[in-house]
Amino acid sequence: MKRGGETTAEPSGTPGFSTTNTAEQSKKMRVIYVVYIIVSLDVTWMFLQFSVTPYLAKKLGFDTLWFGYLQTTVGLIQLIGGPMFGRFGDLFGARAALSLACAATTVSFLLLAVANHPVLLFVHKLPTVFMHVLPACQMVVTDLSEPEKRAEALSKLGLCFGIGMIAGSTLGGNISTRYGETFAACVGAAGSAFSLLLVLNFIPKSTKSEAPRSATKSENQNKKVFSLGEITRLMKFPGVTRIFLIKIIAGLPSGIFQVMFSIIAMDFFKLEAQQNGYLMAYFGIVQMVVQGGVIGRLTSRFPEKSLLLLSIGVTAGVGLAQAYMQTVFQLCLTVTPWIFSLSVFNVITDSMLTKSVPSSDTGTMLGLCSSVQSLVRTIGPTIGGFLYMNYGLASIGLIEFFVNIVVFVYLLYRQLGKTERQKE
């Protein structure tokens, strides 16, 4: 209602307030649904690129060593760009961040389409410094979802990832086989441009809540996009450093197996390209089921600390199983609990970290979380290759087991200690 030319909020019990609140919530959900579409499309184009780049690299004379250098370059670029991009999102808003990410993806595909020299294949990876569509979408979902429902909302992004993984792998293989790598890259560029149009038309300029944004607006304007001081400040919030270290330490062994999987499938299990594609589709289906139908129910019934403990315990068991598996059937048996534990671990740690910092800093925190994955992609091939070549597949599984069991015991001891203190 208006008084003297000013608008005042109606009491929470009035019908007007209820209608406004419902309309606002409906608007937020509409934006979240559009974000889910954008993630599905982006992952589709990403896996389309995965099916094109290795074959194009082979045509341009790359051997396994140089292809590893190419992958390491991507990891390093995204490791640098992750925190910087997250801070950019906090300062300039969701629309600007997602627009930059989708535009960078489009440029990368266009450069891939014209890559006819080994140097150009490295050049087409340079835009990956800004290609952080998934962290930007995580920021939007984090800002627009209620804290108690945040883990469930973030888990649905994993469902979209599974959809894109299946669609992209299938689409990329068929298009590149029938029409060539250049045409497939052009399809990816067109698809990324369409995602950019969705961002410009449906994503609001900022998704931060009004109060934190107005309180920090003048402060944010004086801050740089990349600042080590900002990272240090976030790490000083209660619990952030501990959870972040757990995310790195417990996640690294699983990440090594993940980045080494293509080599393991080809060299250890002797899978052909087509069989590997079927296996990846199976992974995508399992991820869709876990992220879409399991994690949401778990987070609504159990505390996040218990789910974190569960995910690390399951990962330890899976690592032990991976150390002794010998057949593809045994691999498929370990995949379901492995994807379950990875999905729960990533969703819960991201949710806990974003809840530990102010809403104005969620983008920076999610950028730091994405840099953990980039770190794994950077050092994972080197560590994993050394272990696999010198000590075999069992060494990767055993390290995954021992590291996670140590973290599990630490968290269990800490949780039991808190329970005892509360009783006293």
# chains A, B, ... in the order shown; residues from 1 in each chain; ligands from 1

$ residues_around --residues "Lys236 (chain A)" --least-positions-apart "6" --cutoff "12 Å" --atoms "only C-alpha atoms" --output "ChimeraX atom specification"
/A:229-230,242-244,353,356-357

$ residues_around --residues "region 35-44 of chain A" --least-positions-apart "3" --cutoff "10 Å" --atoms "only C-alpha atoms" --output "ChimeraX atom specification"
/A:29-32,47-50,98,102,105,131-138,140-141,153-154,156-172,188,191-192,194-196,198-199,202-203

$ atom_distance --atom1 "CA of Ser371 (chain A)" --atom2 "CA of Phe67 (chain A)"
21.2 Å

$ atom_distance --atom1 "CA of Gly417 (chain A)" --atom2 "CA of Lys149 (chain A)"
27.7 Å

$ closest_residue --among "A:Thr72, A:Thr241, A:Ser351, A:Ser99" --to "Thr299 (chain A)" --atoms "only C-alpha atoms"
A:Ser351

$ residues_around --residues "region 54-59 of chain A" --least-positions-apart "4" --cutoff "12 Å" --atoms "only C-alpha atoms" --output "PDB file with C-alpha atoms, in the first residue's frame"
ATOM      1  CA  PHE A  47      30.674 -33.902 -24.831  1.00  0.00           C
ATOM      2  CA  LEU A  48      30.227 -33.189 -28.530  1.00  0.00           C
ATOM      3  CA  GLN A  49      33.614 -31.471 -28.360  1.00  0.00           C
ATOM      4  CA  PHE A  50      35.097 -34.437 -26.459  1.00  0.00           C
ATOM      5  CA  ASP A  63      50.517 -38.408 -30.221  1.00  0.00           C
ATOM      6  CA  THR A  64      49.403 -39.415 -26.709  1.00  0.00           C
ATOM      7  CA  LEU A  65      52.048 -37.218 -25.066  1.00  0.00           C
ATOM      8  CA  TRP A  66      51.064 -34.058 -26.937  1.00  0.00           C
ATOM      9  CA  PHE A  67      47.370 -34.719 -26.394  1.00  0.00           C
ATOM     10  CA  GLY A  68      48.178 -34.935 -22.675  1.00  0.00           C
ATOM     11  CA  TYR A  69      49.898 -31.536 -22.934  1.00  0.00           C
ATOM     12  CA  LEU A  70      46.723 -30.168 -24.543  1.00  0.00           C
ATOM     13  CA  GLN A  71      44.576 -31.476 -21.675  1.00  0.00           C
ATOM     14  CA  LEU A 112      38.034 -25.488 -33.365  1.00  0.00           C
ATOM     15  CA  ALA A 113      36.175 -25.404 -36.682  1.00  0.00           C
ATOM     16  CA  VAL A 114      39.045 -23.569 -38.403  1.00  0.00           C
ATOM     17  CA  ALA A 115      41.856 -25.471 -36.627  1.00  0.00           C
ATOM     18  CA  ASN A 116      44.021 -26.918 -39.396  1.00  0.00           C
ATOM     19  CA  HIS A 117      47.362 -26.717 -37.578  1.00  0.00           C
ATOM     20  CA  PRO A 118      48.564 -28.084 -34.194  1.00  0.00           C
ATOM     21  CA  VAL A 119      49.105 -24.539 -32.877  1.00  0.00           C
ATOM     22  CA  LEU A 120      45.482 -23.636 -33.633  1.00  0.00           C
ATOM     23  CA  LEU A 121      44.330 -26.612 -31.580  1.00  0.00           C
ATOM     24  CA  PHE A 122      46.078 -25.052 -28.577  1.00  0.00           C
ATOM     25  CA  GLY A 172      29.053 -35.851 -31.490  1.00  0.00           C
ATOM     26  CA  GLY A 173      29.933 -39.344 -32.641  1.00  0.00           C
ATOM     27  CA  SER A 176      31.636 -36.196 -36.816  1.00  0.00           C
ATOM     28  CA  THR A 177      31.412 -39.644 -38.478  1.00  0.00           C
ATOM     29  CA  GLY A 180      33.311 -34.421 -40.301  1.00  0.00           C
ATOM     30  CA  GLU A 181      34.847 -32.641 -37.312  1.00  0.00           C
ATOM     31  CA  THR A 182      34.484 -29.147 -38.790  1.00  0.00           C
ATOM     32  CA  ALA A 184      30.413 -30.895 -35.674  1.00  0.00           C
ATOM     33  CA  ALA A 185      32.333 -27.892 -34.293  1.00  0.00           C
ATOM     34  CA  SER A 262      39.677 -43.483 -20.949  1.00  0.00           C
ATOM     35  CA  ALA A 273      35.539 -46.849 -29.145  1.00  0.00           C
TER      36      ALA A 273
END

$ select_by_dssp --residues "region 128-187 of chain A" --states "alpha helix (DSSP H)" --output "PyMOL selection string"
chain A and resi 133-144+150-179+181-187

$ residues_around --residues "region 314-326 of chain A" --least-positions-apart "3" --cutoff "6 Å" --atoms "only C-alpha atoms" --output "list in words"
Ser311, Gln330, Ser341, Ala394, Gly397, Leu398, Glu400, Phe401, Asn404 and Ile405 of chain A

$ write_last_selection --atoms "C-alpha atoms" --output "tab-separated table (two decimals), in the first residue's frame"
chain	number	residue	atom	x	y	z
A	311	SER	CA	29.92	-40.41	0.64
A	330	GLN	CA	33.10	-55.90	-12.18
A	341	SER	CA	29.53	-41.25	-3.71
A	394	ALA	CA	45.46	-51.57	-8.20
A	397	GLY	CA	42.27	-47.97	-6.18
A	398	LEU	CA	44.32	-48.58	-3.03
A	400	GLU	CA	41.67	-43.97	-3.12
A	401	PHE	CA	40.83	-46.41	-0.31
A	404	ASN	CA	39.30	-41.72	2.03
A	405	ILE	CA	39.40	-44.07	5.03

$ residues_around --residues "Phe283 (chain A)" --least-positions-apart "4" --cutoff "10 Å" --atoms "only C-alpha atoms" --output "list of chain:residue names"
A:Gly162, A:Met165, A:Ile166, A:Gly277, A:Tyr278, A:Leu279, A:Gln287, A:Met288, A:Cys332, A:Val335, A:Thr336, A:Ile339

$ closest_residue --among "A:Val34, A:Ala101, A:Val347, A:Val74" --to "Val376 (chain A)" --atoms "only C-alpha atoms"
A:Val74

$ atom_distance --atom1 "CA of Ile348 (chain A)" --atom2 "CA of Glu304 (chain A)"
6.3 Å
